[in-house]
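Everything on this sheet refers to the single structure shown next.
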Amino acid sequence: MYLVKTPPLIKSIFSDFVWSVDTMENEVFITFDDGPVPGLTPWILDLLAEYQFKATFFCVGENVSRYPMIYNRILDEGHLAGNHTEHHLNGWLTDNETYLNDVKMCHKKVHSPLFRPPYGKMKRAQSNVLKTEKTIVMWDVLSGDFDQSISREKCLANVIDNYSRGSVIVFHDNLKAEAKLRYVLPLFLEELTSKDFISSNLECLTESYILA
């Protein structure tokens with residue numbers, strides 16, 4: 001069970017996390033979780049370059065170790081990287097010390113002030129420590145590309161029907177999501193272009209932006 005559009009109540013309860021960005025521009029903030037991986041992440045980078053869009057990739061440390069050339073390409077092409085733990089840990093199922101050490105392991109490879117918890121799941125004790133060191137980035141729109149029970153058309157509708165100015169949108173560059181992502185992402189980028197929107201990376205969160 002997951003929510004495609006994050007309700008205002010959840011945003012207000014967890015107001016110390018970033019859910020969307022207060023911006024005056026026609027822009028959204030596309031993000032990708034779990035990579036980098038061969039084949040899919042380079043395809044995403046090619047597509048973003050075609051549209052001259054930027055994105056933020058929340059990377060798993062062990063994948064960065066396996067595929068450093070892809071990770072370096074992400075940075076070289078003007079995208080941003082964020083910490084997604086070393087081993088893609090579920091915070092709810094992991095003791096605090098192990099979880100925080102895993103984040104530190106990833107930080108040795110992904111030198112970023114941004115962090116997103118895998119599955120969006122952290123214990124409050126974990127987040128209390130991490131928010132003193134990093135900006136915790138959640139999302140406004142969850143595509144559901146990982147969900148094997150929905151069609152690719154439903155996945156596309158999830159993003160097209162729910163994005164708005166400043167939305168932080170989650171896709172996944174992993175094998176589970178690949179089939180849907182290869183259908184949805186080109187059509188969504190075309191939708192943004194037709195509405196005079198762009199996708200930006202989350203560099204604004206490392207500066208003096210107003211967060212929502």
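Naming works like this for the structure tokens: A, B, ... for the chains as they're shown, residue 1 at the start of each chain, ligands 1 onward in shown order.
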
Those of chain A in DSSP strand (DSSP E), formatted as a list in words: Glu27, Val28, Phe29, Ile30, Thr31, Phe32, Asp33, Thr56, Phe57, Phe58, Cys59, Leu80, Ala81, Gly82, Asn83, Leu114, Phe115, Thr135, Ile136, Val141, Leu142, Val168, Ile169, Val170, Phe171, His172, Ile198 and Ser199 of chain A

Who sits within 8 Å of A:Val184, only C-alpha atoms, same chain under 4 positions skipped, as a PDB file with N, CA and C atoms, in the first residue's frame:
ATOM      1  N   ARG A 152       1.291  -0.009 -17.170  1.00  0.00           N
ATOM      2  CA  ARG A 152       2.153   1.117 -17.494  1.00  0.00           C
ATOM      3  C   ARG A 152       1.328   2.380 -17.740  1.00  0.00           C
ATOM      4  N   GLU A 153       0.116   2.209 -18.236  1.00  0.00           N
ATOM      5  CA  GLU A 153      -0.769   3.358 -18.433  1.00  0.00           C
ATOM      6  C   GLU A 153      -1.179   3.978 -17.107  1.00  0.00           C
ATOM      7  N   CYS A 155       0.611   3.852 -14.382  1.00  0.00           N
ATOM      8  CA  CYS A 155       1.820   4.497 -13.885  1.00  0.00           C
ATOM      9  C   CYS A 155       1.983   5.882 -14.505  1.00  0.00           C
ATOM     10  N   LEU A 156       1.740   5.992 -15.799  1.00  0.00           N
ATOM     11  CA  LEU A 156       1.814   7.293 -16.467  1.00  0.00           C
ATOM     12  C   LEU A 156       0.778   8.252 -15.895  1.00  0.00           C
ATOM     13  N   LYS A 180       8.168  -0.445 -17.015  1.00  0.00           N
ATOM     14  CA  LYS A 180       7.246   0.693 -16.938  1.00  0.00           C
ATOM     15  C   LYS A 180       7.962   2.004 -17.208  1.00  0.00           C
ATOM     16  N   PHE A 188       6.183  11.239 -20.191  1.00  0.00           N
ATOM     17  CA  PHE A 188       6.071  12.267 -19.167  1.00  0.00           C
ATOM     18  C   PHE A 188       6.935  13.475 -19.510  1.00  0.00           C
TER      19      PHE A 188
END

Expected answer as a PyMOL selection string: alpha helix (DSSP H) residues in stretch 12-204 of chain A: chain A and resi 12-13+40-51+61-66+68-76+96-107+124-130+152-160+178-194

From A:Lys123, A:Arg73, A:Lys134, A:Lys5, residue lying nearest A:Ile169 [only C-alpha atoms]: A:Lys5

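The residue that comes closest to A:Met138, out of A:Leu202, A:Ile150, A:Val110, A:Ile44 and on the basis of only C-alpha atoms, is A:Leu202.
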
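Using only C-alpha atoms, the smallest distance between any of A:Pro42, A:Thr23, A:Gln148, A:Asn83 and A:Arg165 comes from A:Thr23.
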